[in-house]
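Source file structure-v3.txt; content: compact mmCIF, C-alpha atoms.
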```txt
# COMPACT_ATOMS: atom_id res chain seq x y z
CA MET A 1 2.72 6.68 -21.76
CA THR A 2 4.24 10.11 -21.34
CA SER A 3 6.41 12.72 -23.06
CA GLU A 4 9.84 12.05 -24.59
CA ILE A 5 11.59 14.16 -21.98
CA VAL A 6 9.99 12.27 -19.10
CA GLN A 7 10.76 8.92 -20.75
CA LYS A 8 14.40 9.96 -21.13
CA TYR A 9 15.08 11.40 -17.68
CA PHE A 10 12.63 9.70 -15.30
CA ARG A 11 12.40 6.19 -13.90
CA ILE A 12 9.07 5.48 -15.53
CA GLU A 13 8.54 2.35 -13.45
CA ASN A 14 8.31 4.57 -10.33
CA LEU A 15 5.62 6.83 -11.81
CA PRO A 16 3.03 8.14 -11.18
CA HIS A 17 4.66 9.87 -8.23
CA ILE A 18 3.15 10.10 -4.74
CA TRP A 19 2.98 13.92 -4.55
CA CYS A 20 -0.47 15.32 -3.80
CA PRO A 21 -2.82 16.63 -6.50
CA GLY A 22 -1.77 20.21 -7.31
CA CYS A 23 1.64 19.96 -5.59
CA SER A 24 4.17 21.85 -7.68
CA ASN A 25 7.07 19.47 -7.04
CA GLY A 26 6.43 17.66 -10.32
CA VAL A 27 6.49 20.94 -12.26
CA VAL A 28 9.89 21.89 -10.81
CA THR A 29 11.39 18.41 -11.20
CA ARG A 30 10.35 18.25 -14.85
CA ALA A 31 11.75 21.76 -15.45
CA LEU A 32 15.11 20.56 -14.11
CA THR A 33 15.20 17.76 -16.70
CA VAL A 34 14.33 20.27 -19.44
CA ALA A 35 17.27 22.46 -18.33
CA ILE A 36 19.63 19.46 -18.31
CA ASP A 37 18.38 18.40 -21.74
CA GLU A 38 18.82 21.87 -23.21
CA LEU A 39 22.37 22.07 -21.81
CA GLY A 40 23.14 18.74 -23.49
CA LEU A 41 24.78 17.34 -20.36
CA ASP A 42 25.80 13.69 -20.12
CA GLN A 43 23.05 11.96 -18.13
CA ASP A 44 25.56 9.56 -16.54
CA ASN A 45 27.80 12.42 -15.37
CA ILE A 46 25.04 14.00 -13.27
CA VAL A 47 24.49 13.24 -9.60
CA VAL A 48 21.26 14.38 -7.98
CA VAL A 49 21.37 14.40 -4.18
CA SER A 50 18.61 15.07 -1.69
CA GLY A 51 17.91 15.03 2.03
CA ILE A 52 14.51 14.29 3.52
CA GLY A 53 11.14 15.77 2.70
CA CYS A 54 8.54 15.78 -0.03
CA SER A 55 10.88 17.50 -2.49
CA SER A 56 13.69 15.15 -1.53
CA ARG A 57 11.74 12.28 -3.06
CA ALA A 58 12.45 13.75 -6.50
CA PRO A 59 15.77 11.90 -7.06
CA GLY A 60 13.90 8.62 -6.62
CA TYR A 61 11.98 9.44 -9.78
CA LEU A 62 14.96 10.76 -11.75
CA ASP A 63 17.16 8.58 -13.94
CA PHE A 64 20.58 10.01 -13.05
CA ASN A 65 23.07 8.91 -10.43
CA THR A 66 20.94 9.69 -7.40
CA LEU A 67 21.39 9.70 -3.66
CA HIS A 68 18.67 10.10 -1.04
CA THR A 69 20.45 11.01 2.19
CA THR A 70 19.66 12.03 5.77
CA HIS A 71 17.65 15.07 6.81
CA GLY A 72 19.45 18.34 6.11
CA ARG A 73 22.71 16.63 5.19
CA GLY A 74 22.26 16.50 1.43
CA LEU A 75 24.89 19.24 0.97
CA ALA A 76 27.39 17.38 3.15
CA PHE A 77 27.02 14.26 0.99
CA ALA A 78 27.09 16.38 -2.17
CA THR A 79 30.31 18.06 -0.99
CA GLY A 80 31.89 14.64 -0.52
CA ILE A 81 30.81 13.51 -4.00
CA LYS A 82 32.11 16.67 -5.64
CA LEU A 83 35.48 16.52 -3.86
CA ALA A 84 35.93 12.83 -4.66
CA ASN A 85 35.19 13.39 -8.34
CA PRO A 86 35.10 17.07 -9.34
CA LYS A 87 34.21 16.18 -12.95
CA LEU A 88 30.66 15.24 -11.92
CA ASP A 89 27.79 17.70 -12.23
CA VAL A 90 26.34 17.66 -8.72
CA ILE A 91 22.80 18.95 -8.13
CA LEU A 92 21.07 19.10 -4.76
CA ILE A 93 17.30 19.08 -4.45
CA ALA A 94 16.10 20.27 -1.06
CA GLY A 95 13.07 21.68 0.66
CA ASP A 96 12.97 24.88 2.69
CA GLY A 97 12.97 23.01 6.00
CA ASP A 98 15.68 20.61 4.89
CA VAL A 99 18.12 23.25 3.64
CA SER A 100 17.46 26.19 5.95
CA ALA A 101 16.58 24.56 9.30
CA ILE A 102 18.36 21.28 10.06
CA GLY A 103 20.68 21.78 7.07
CA GLY A 104 21.21 25.51 7.58
CA ASN A 105 24.85 25.18 8.56
CA HIS A 106 25.64 22.93 5.62
CA LEU A 107 24.05 25.53 3.36
CA ILE A 108 26.04 28.51 4.59
CA HIS A 109 29.35 26.64 4.59
CA ALA A 110 28.87 25.09 1.14
CA ALA A 111 28.06 28.61 -0.08
CA ARG A 112 31.05 30.08 1.78
CA ARG A 113 33.41 27.57 0.14
CA ASN A 114 31.94 28.26 -3.29
CA ILE A 115 31.98 24.55 -4.11
CA ASP A 116 30.54 23.78 -7.55
CA ILE A 117 27.18 22.38 -6.48
CA THR A 118 23.81 23.53 -7.82
CA THR A 119 21.25 23.73 -5.04
CA ILE A 120 17.59 23.81 -6.01
CA VAL A 121 15.25 24.67 -3.17
CA PHE A 122 11.58 23.78 -3.44
CA ASN A 123 10.29 26.42 -1.03
CA ASN A 124 6.68 25.66 -0.13
CA ASN A 125 6.90 27.54 3.21
CA ILE A 126 5.97 24.50 5.31
CA TYR A 127 6.98 20.96 6.34
CA GLY A 128 4.59 19.07 4.09
CA MET A 129 5.72 15.48 4.59
CA THR A 130 5.40 15.49 8.37
CA GLY A 131 2.01 17.17 8.54
CA GLY A 132 2.26 20.92 8.10
CA GLN A 133 4.56 22.21 10.82
CA TYR A 134 5.85 25.76 10.24
CA SER A 135 9.30 25.99 8.66
CA PRO A 136 11.94 28.75 8.68
CA THR A 137 10.30 30.24 5.58
CA THR A 138 6.70 30.25 6.83
CA PRO A 139 5.61 33.89 6.67
CA THR A 140 4.83 35.74 9.90
CA ASP A 141 1.16 35.28 10.88
CA ALA A 142 0.72 32.30 8.53
CA LYS A 143 -0.67 29.15 10.11
CA GLY A 144 0.74 25.66 10.48
CA THR A 145 -0.17 22.68 12.64
CA THR A 146 2.43 23.91 15.15
CA ALA A 147 1.31 27.52 14.80
CA PRO A 148 -2.49 27.27 14.94
CA HIS A 149 -2.82 30.92 16.00
CA GLY A 150 -0.32 32.23 13.45
CA ASN A 151 3.45 32.07 13.18
CA ILE A 152 5.33 34.68 15.26
CA ASP A 153 8.71 34.00 13.59
CA LYS A 154 10.13 36.11 10.81
CA PRO A 155 10.90 34.05 7.69
CA PHE A 156 14.29 33.41 6.12
CA ASP A 157 14.95 34.70 2.63
CA ILE A 158 16.83 31.63 1.39
CA ALA A 159 18.23 33.13 -1.82
CA GLN A 160 19.55 36.16 0.08
CA LEU A 161 20.90 33.87 2.81
CA ALA A 162 22.93 31.97 0.21
CA THR A 163 24.07 35.25 -1.32
CA ALA A 164 25.25 36.60 2.03
CA ALA A 165 27.03 33.33 2.83
CA GLY A 166 29.10 33.51 -0.38
CA ALA A 167 27.20 31.78 -3.18
CA THR A 168 28.38 33.06 -6.56
CA TYR A 169 24.97 32.51 -8.16
CA ALA A 170 21.63 32.98 -6.44
CA SER A 171 18.20 33.54 -7.93
CA ARG A 172 14.54 33.07 -7.14
CA THR A 173 11.64 32.16 -9.37
CA THR A 174 8.32 30.39 -8.87
CA ALA A 175 6.78 27.08 -9.86
CA TYR A 176 4.47 29.01 -12.19
CA HIS A 177 7.26 30.75 -14.14
CA VAL A 178 8.52 27.61 -15.87
CA ASN A 179 10.47 29.24 -18.71
CA GLN A 180 12.34 31.49 -16.29
CA MET A 181 12.90 28.50 -14.00
CA VAL A 182 14.52 26.52 -16.83
CA LYS A 183 16.78 29.47 -17.66
CA TYR A 184 17.83 29.91 -14.03
CA PHE A 185 18.53 26.17 -13.69
CA LYS A 186 20.74 26.32 -16.79
CA ASP A 187 22.61 29.38 -15.48
CA ALA A 188 23.03 27.79 -12.06
CA ILE A 189 24.32 24.48 -13.43
CA THR A 190 26.70 26.29 -15.78
CA ASN A 191 28.10 28.52 -13.02
CA LYS A 192 31.43 27.19 -11.68
CA GLY A 193 30.78 27.63 -8.00
CA PHE A 194 27.99 27.36 -5.47
CA SER A 195 24.67 28.13 -7.12
CA MET A 196 21.27 28.44 -5.55
CA VAL A 197 17.90 28.61 -7.27
CA GLU A 198 15.05 29.08 -4.86
CA VAL A 199 11.73 28.08 -6.41
CA ALA A 200 8.67 29.44 -4.63
CA SER A 201 6.41 26.39 -4.62
CA ILE A 202 2.98 25.44 -3.35
CA CYS A 203 1.66 22.88 -0.87
CA PRO A 204 -2.12 22.89 -1.32
CA THR A 205 -2.57 19.99 1.12
CA TYR A 206 -1.00 21.58 4.18
CA TYR A 207 -0.03 25.21 3.64
CA GLY A 208 -3.04 25.81 1.44
CA ARG A 209 -5.61 24.22 3.75
CA LYS A 210 -4.18 25.77 6.93
CA ASN A 211 -4.09 29.23 5.40
CA LYS A 212 -7.23 29.04 3.25
CA SER A 213 -5.12 29.75 0.18
CA GLY A 214 -7.55 27.95 -2.09
CA SER A 215 -6.94 25.11 -4.53
CA GLY A 216 -3.63 24.30 -6.16
CA VAL A 217 -4.71 26.26 -9.20
CA GLN A 218 -5.53 29.31 -7.05
CA MET A 219 -2.16 29.02 -5.31
CA MET A 220 -0.40 28.88 -8.69
CA GLN A 221 -2.37 31.97 -9.69
CA THR A 222 -1.16 33.67 -6.50
CA LEU A 223 2.46 32.88 -7.43
CA LYS A 224 1.80 34.38 -10.85
CA ASN A 225 0.26 37.55 -9.41
CA ASP A 226 2.39 38.18 -6.33
CA PHE A 227 5.92 37.60 -7.56
CA ILE A 228 7.60 40.40 -9.43
CA ASP A 229 11.08 40.82 -10.86
CA ARG A 230 13.27 42.77 -8.44
CA MET A 231 14.14 45.35 -11.13
CA ALA A 232 10.46 45.92 -11.95
CA TYR A 233 9.64 46.14 -8.23
CA ASP A 234 12.03 49.09 -7.78
CA LYS A 235 10.10 51.02 -10.42
CA LEU A 236 6.68 50.35 -8.87
CA PRO A 237 4.91 53.21 -7.09
CA GLU A 238 4.99 52.72 -3.30
CA GLU A 239 1.27 51.91 -3.00
CA LYS A 240 1.61 48.93 -5.35
CA LYS A 241 4.58 47.35 -3.56
CA ALA A 242 2.58 45.88 -0.68
CA GLY A 243 2.25 42.10 -0.75
CA LYS A 244 4.69 41.65 -3.61
CA HIS A 245 7.53 39.14 -3.43
CA LEU A 246 10.79 39.54 -5.28
CA MET A 247 12.15 37.16 -7.88
CA GLY A 248 15.09 37.45 -10.22
CA VAL A 249 18.85 37.01 -10.07
CA PHE A 250 20.36 38.24 -6.79
CA LYS A 251 23.96 37.36 -7.48
CA ASN A 252 25.98 36.17 -10.46
CA ILE A 253 29.73 36.62 -10.07
CA THR A 254 32.89 34.56 -10.61
CA LEU A 255 35.19 33.58 -7.75
CA PRO A 256 37.72 30.73 -7.30
CA GLU A 257 35.92 27.39 -6.99
CA TYR A 258 36.64 25.08 -4.06
CA THR A 259 37.56 21.82 -5.83
CA ALA A 260 39.78 23.72 -8.29
CA GLU A 261 41.57 25.42 -5.39
CA TYR A 262 41.95 22.07 -3.63
CA GLN A 263 43.39 20.53 -6.81
CA ARG A 264 45.85 23.42 -7.07
CA VAL A 265 47.16 22.59 -3.58
CA ILE A 266 47.46 18.89 -4.49
CA GLU A 267 49.38 19.64 -7.67
CA ALA A 268 51.69 22.09 -5.90
CA LEU A 269 52.57 19.47 -3.30
CA GLN A 270 52.92 16.61 -5.80
CA GLY A 271 54.64 18.33 -8.70
CA GLY A 272 57.02 20.55 -6.80
CA GLU A 273 55.89 23.50 -8.88
CA SER A 274 54.68 25.47 -5.94
CA ASN A 275 55.19 29.19 -6.15
CA GLU A 276 55.38 29.47 -2.43
CA MET B 1 11.78 17.41 -35.24
CA LYS B 2 8.10 17.07 -36.06
CA SER B 3 6.15 19.84 -37.76
CA LYS B 4 3.13 21.34 -36.03
CA ASP B 5 0.57 19.41 -38.05
CA GLN B 6 2.12 16.16 -36.86
CA LEU B 7 1.72 17.13 -33.19
CA GLU B 8 -1.18 17.07 -30.76
CA VAL B 9 -1.90 17.28 -27.03
CA LYS B 10 -1.78 13.83 -25.49
CA ILE B 11 -3.20 12.87 -22.10
CA ASN B 12 -2.48 9.91 -19.84
CA PRO B 13 -5.60 9.68 -17.64
CA ASP B 14 -3.96 7.06 -15.41
CA TRP B 15 -1.42 9.63 -14.20
CA CYS B 16 -3.76 12.67 -14.11
CA LYS B 17 -4.79 13.65 -10.58
CA GLY B 18 -7.24 16.28 -11.78
CA CYS B 19 -5.50 19.30 -10.23
CA GLY B 20 -6.77 21.50 -13.04
CA ASN B 21 -3.58 23.44 -13.84
CA CYS B 22 -3.80 22.55 -17.54
CA VAL B 23 -7.47 23.58 -17.72
CA SER B 24 -7.01 26.86 -15.85
CA PHE B 25 -3.83 28.09 -17.50
CA CYS B 26 -4.61 27.02 -21.08
CA PRO B 27 -4.64 30.31 -23.05
CA THR B 28 -7.30 29.03 -25.47
CA ASN B 29 -9.49 27.12 -22.99
CA VAL B 30 -9.51 23.88 -24.95
CA LEU B 31 -9.21 21.54 -21.96
CA ALA B 32 -11.70 20.48 -19.30
CA ILE B 33 -12.00 18.10 -16.37
CA ASP B 34 -14.28 15.19 -17.31
CA HIS B 35 -16.75 13.36 -15.08
CA HIS B 36 -13.97 11.01 -13.95
CA GLY B 37 -12.03 14.03 -12.62
CA LYS B 38 -9.41 13.78 -15.39
CA SER B 39 -8.17 16.30 -17.91
CA THR B 40 -9.66 15.94 -21.36
CA MET B 41 -9.40 17.74 -24.70
CA VAL B 42 -12.68 19.40 -25.67
CA ASN B 43 -11.63 21.52 -28.65
CA ARG B 44 -8.72 20.05 -30.58
CA GLU B 45 -9.06 22.60 -33.41
CA GLY B 46 -8.65 25.46 -30.94
CA CYS B 47 -5.39 24.12 -29.50
CA ILE B 48 -2.34 26.17 -30.52
CA LEU B 49 0.19 23.61 -29.19
CA CYS B 50 1.79 26.23 -26.93
CA GLY B 51 2.77 23.61 -24.35
CA MET B 52 1.56 25.52 -21.29
CA CYS B 53 -0.36 22.44 -20.10
CA GLU B 54 2.75 20.27 -20.35
CA LYS B 55 4.90 22.79 -18.45
CA LEU B 56 2.41 23.20 -15.59
CA CYS B 57 1.31 19.56 -15.26
CA PRO B 58 2.83 18.27 -11.99
CA ASP B 59 2.06 14.67 -12.97
CA PHE B 60 3.60 14.48 -16.50
CA ALA B 61 0.14 13.40 -17.62
CA ILE B 62 -0.34 15.87 -20.51
CA TRP B 63 2.15 16.71 -23.22
CA ILE B 64 2.67 17.69 -26.83
CA GLY B 65 3.51 14.53 -28.74
CA GLY B 66 3.46 13.10 -32.25
CA LYS B 67 0.07 11.99 -33.56
CA GLU B 68 1.63 8.68 -34.54
CA ASP B 69 3.23 8.03 -31.12
CA GLU B 70 1.95 5.20 -28.95
```

The structure in this file should be written as structure tokens.
Amino acid sequence: MTSEIVQKYFRIENLPHIWCPGCSNGVVTRALTVAIDELGLDQDNIVVVSGIGCSSRAPGYLDFNTLHTTHGRGLAFATGIKLANPKLDVILIAGDGDVSAIGGNHLIHAARRNIDITTIVFNNNIYGMTGGQYSPTTPTDAKGTTAPHGNIDKPFDIAQLATAAGATYASRTTAYHVNQMVKYFKDAITNKGFSMVEVASICPTYYGRKNKSGSGVQMMQTLKNDFIDRMAYDKLPEEKKAGKHLMGVFKNITLPEYTAEYQRVIEALQGGESNE
Amino acid sequence: MKSKDQLEVKINPDWCKGCGNCVSFCPTNVLAIDHHGKSTMVNREGCILCGMCEKLCPDFAIWIGGKEDE
């Protein structure tokens, strides 16, 4: 017994899911199905790929063509799928550790190629599945099981990393801002090229307990309070900027897409209509 | 498409993990956590069917559905 949208896009027999009480992964996964539904995409033409991690369990609950791959390599598998059949809508679901640590190189090169894959990052700032180790997005001074006295690393800004590497669409929102999240997912899926939506998420079980961030509800409230649109942030007086995190669209441009360029080479060689 | 008077908030207690998102972010405060630790409707007349609970439920356990639905 659940909503029409969940009945349509989820494998009901696998629910309820195993994510912890208060974990925002379910919120983000459901928002993705709302975006797909609103775009009117063919369910059987969508491939959802993931690597390893809590967020990477999402495709197991989703009723599309789904692929649960090895740690960090989701984008490599997704690249293969997209090149083999460019007509497919390929979506990657990844966590912050998956996509920016072990999969960091796959991320920057998929972005550099501008291959038409939509990457959705569930950024909860920690490795939740393996017990709360700090990840590349854990803030400086925040605690993890492997940083009991506070993290000395500086965190990655994943959306800006994708932007710098060549993604043609990159944005950030939070698990609280569901309407904005759905809009960003739709824009990212529609963009012909590499798209990244980073969703600031919460892990009450590990990040929350280690850092005394409060309950899941309190952590959602923190997302609501601390994230501000980058345009609005610029207009804030200096004293109010402290502790704020930026969300919004960081890049949205059009550049030649990788599979289309590859097809152009194939046709030039096969049809003899090369201009070279 | 159902009209508003055919719709209501529905809850699946078997899937609810009692995180409290629906209770805390409901703009009209019509939900509560019951003694089993599950979300429950306490003021159906006050519900404006905004859907905030459905959007923020991580467990797909609360949603706006037809009154006649199973």

Would you write out, as JSON lines, a table of all residues in region 28-59 of chain B that have an atom no more than 8 Å from an atom of region 4-15 of chain B, listing for each the closest atom pair and the distance in Å to one decimal, considering all atoms listed in the file and ordering rows by chain and rising residue number?
```
{"residue": "B:Lys38", "atom": "CA", "partner": "B:Pro13", "partner_atom": "CA", "distance": 6.0}
{"residue": "B:Ser39", "atom": "CA", "partner": "B:Pro13", "partner_atom": "CA", "distance": 7.1}
{"residue": "B:Thr40", "atom": "CA", "partner": "B:Ile11", "partner_atom": "CA", "distance": 7.2}
{"residue": "B:Met41", "atom": "CA", "partner": "B:Val9", "partner_atom": "CA", "distance": 7.9}
{"residue": "B:Leu49", "atom": "CA", "partner": "B:Glu8", "partner_atom": "CA", "distance": 6.9}
{"residue": "B:Asp59", "atom": "CA", "partner": "B:Trp15", "partner_atom": "CA", "distance": 6.2}
```

* Give the answer as one residue: which of B:Val23, B:Lys17, B:Cys47, B:Val42 has the shortest atom-to-atom distance to Ala61 (chain B), using all atoms listed in the file? =>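 Nearest candidate to Ala61 (chain B) out of B:Val23, B:Lys17, B:Cys47, B:Val42: B:Lys17.
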
* Non-local contacts of region 38-53 of chain A (7 Å; all atoms listed in the file; under 5 positions in same chain excluded) as a ChimeraX atom specification -> /A:59,64-74,78,88-95,98,129,186

List every residue of chain A that has an atom at most 12 Å from any atom of chain B, and for each one report the closest atom pair and its distance in Å to one decimal, counting all atoms listed in the file, with rows sorted by chain and then by increasing residue number, as CSV.
```
residue,atom,partner,partner_atom,distance
A:Met1,CA,B:Asn12,CA,6.4
A:Thr2,CA,B:Ala61,CA,6.4
A:Ser3,CA,B:Trp63,CA,5.8
A:Glu4,CA,B:Gly65,CA,8.0
A:Ile5,CA,B:Phe60,CA,9.7
A:Val6,CA,B:Phe60,CA,7.2
A:Gln7,CA,B:Phe60,CA,10.0
A:Tyr9,CA,B:Phe60,CA,11.9
A:Phe10,CA,B:Phe60,CA,10.3
A:Ile12,CA,B:Phe60,CA,10.6
A:Asn14,CA,B:Trp15,CA,11.6
A:Leu15,CA,B:Trp15,CA,7.9
A:Pro16,CA,B:Trp15,CA,5.6
A:His17,CA,B:Asp59,CA,7.2
A:Ile18,CA,B:Asp59,CA,9.5
A:Trp19,CA,B:Asp59,CA,8.5
A:Cys20,CA,B:Lys17,CA,8.2
A:Pro21,CA,B:Cys19,CA,5.3
A:Gly22,CA,B:Cys19,CA,4.8
A:Cys23,CA,B:Pro58,CA,6.7
A:Ser24,CA,B:Pro58,CA,5.8
A:Asn25,CA,B:Pro58,CA,6.6
A:Gly26,CA,B:Pro58,CA,4.0
A:Val27,CA,B:Pro58,CA,4.5
A:Val28,CA,B:Pro58,CA,8.0
A:Thr29,CA,B:Pro58,CA,8.6
A:Arg30,CA,B:Phe60,CA,7.9
A:Ala31,CA,B:Lys55,CA,7.5
A:Leu32,CA,B:Lys55,CA,11.3
A:Thr33,CA,B:Lys55,CA,11.6
A:Val34,CA,B:Lys55,CA,9.8
A:Ala58,CA,B:Pro58,CA,12.0
A:Tyr61,CA,B:Asp59,CA,11.7
A:Thr174,CA,B:Leu56,CA,11.5
A:Ala175,CA,B:Leu56,CA,8.2
A:Tyr176,CA,B:Leu56,CA,7.0
A:His177,CA,B:Leu56,CA,9.1
A:Val178,CA,B:Lys55,CA,6.6
A:Asn179,CA,B:Lys55,CA,8.5
A:Gln180,CA,B:Lys55,CA,11.6
A:Met181,CA,B:Lys55,CA,10.8
A:Val182,CA,B:Lys55,CA,10.4
A:Ser201,CA,B:Pro58,CA,11.5
A:Ile202,CA,B:Pro58,CA,11.2
A:Pro204,CA,B:Cys19,CA,10.2
A:Thr205,CA,B:Cys19,CA,11.7
A:Ser215,CA,B:Cys19,CA,8.3
A:Gly216,CA,B:Cys19,CA,6.7
A:Val217,CA,B:Asn21,CA,5.5
A:Gln218,CA,B:Asn21,CA,9.2
A:Met219,CA,B:Asn21,CA,10.3
A:Met220,CA,B:Asn21,CA,8.1
A:Gln221,CA,B:Phe25,CA,8.8
A:Lys224,CA,B:Phe25,CA,10.7
```

I need the chosen residues saved as a CSV table (one decimal), in the frame of the given file, with C-alpha atoms.
```
chain,number,residue,atom,x,y,z
A,1,MET,CA,2.7,6.7,-21.8
A,2,THR,CA,4.2,10.1,-21.3
A,3,SER,CA,6.4,12.7,-23.1
A,4,GLU,CA,9.8,12.0,-24.6
A,5,ILE,CA,11.6,14.2,-22.0
A,6,VAL,CA,10.0,12.3,-19.1
A,7,GLN,CA,10.8,8.9,-20.8
A,9,TYR,CA,15.1,11.4,-17.7
A,10,PHE,CA,12.6,9.7,-15.3
A,12,ILE,CA,9.1,5.5,-15.5
A,14,ASN,CA,8.3,4.6,-10.3
A,15,LEU,CA,5.6,6.8,-11.8
A,16,PRO,CA,3.0,8.1,-11.2
A,17,HIS,CA,4.7,9.9,-8.2
A,18,ILE,CA,3.2,10.1,-4.7
A,19,TRP,CA,3.0,13.9,-4.6
A,20,CYS,CA,-0.5,15.3,-3.8
A,21,PRO,CA,-2.8,16.6,-6.5
A,22,GLY,CA,-1.8,20.2,-7.3
A,23,CYS,CA,1.6,20.0,-5.6
A,24,SER,CA,4.2,21.8,-7.7
A,25,ASN,CA,7.1,19.5,-7.0
A,26,GLY,CA,6.4,17.7,-10.3
A,27,VAL,CA,6.5,20.9,-12.3
A,28,VAL,CA,9.9,21.9,-10.8
A,29,THR,CA,11.4,18.4,-11.2
A,30,ARG,CA,10.4,18.2,-14.8
A,31,ALA,CA,11.8,21.8,-15.4
A,32,LEU,CA,15.1,20.6,-14.1
A,33,THR,CA,15.2,17.8,-16.7
A,34,VAL,CA,14.3,20.3,-19.4
A,58,ALA,CA,12.4,13.8,-6.5
A,61,TYR,CA,12.0,9.4,-9.8
A,174,THR,CA,8.3,30.4,-8.9
A,175,ALA,CA,6.8,27.1,-9.9
A,176,TYR,CA,4.5,29.0,-12.2
A,177,HIS,CA,7.3,30.8,-14.1
A,178,VAL,CA,8.5,27.6,-15.9
A,179,ASN,CA,10.5,29.2,-18.7
A,180,GLN,CA,12.3,31.5,-16.3
A,181,MET,CA,12.9,28.5,-14.0
A,182,VAL,CA,14.5,26.5,-16.8
A,201,SER,CA,6.4,26.4,-4.6
A,202,ILE,CA,3.0,25.4,-3.4
A,204,PRO,CA,-2.1,22.9,-1.3
A,205,THR,CA,-2.6,20.0,1.1
A,215,SER,CA,-6.9,25.1,-4.5
A,216,GLY,CA,-3.6,24.3,-6.2
A,217,VAL,CA,-4.7,26.3,-9.2
A,218,GLN,CA,-5.5,29.3,-7.0
A,219,MET,CA,-2.2,29.0,-5.3
A,220,MET,CA,-0.4,28.9,-8.7
A,221,GLN,CA,-2.4,32.0,-9.7
A,224,LYS,CA,1.8,34.4,-10.8
```

* Point-to-point distance from CA of Ala170 (chain A) to CA of Ala110 (chain A), Å rounded to tenths ->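 About the pair CA of Ala170 (chain A) and CA of Ala110 (chain A): they are 13.1 Å apart.
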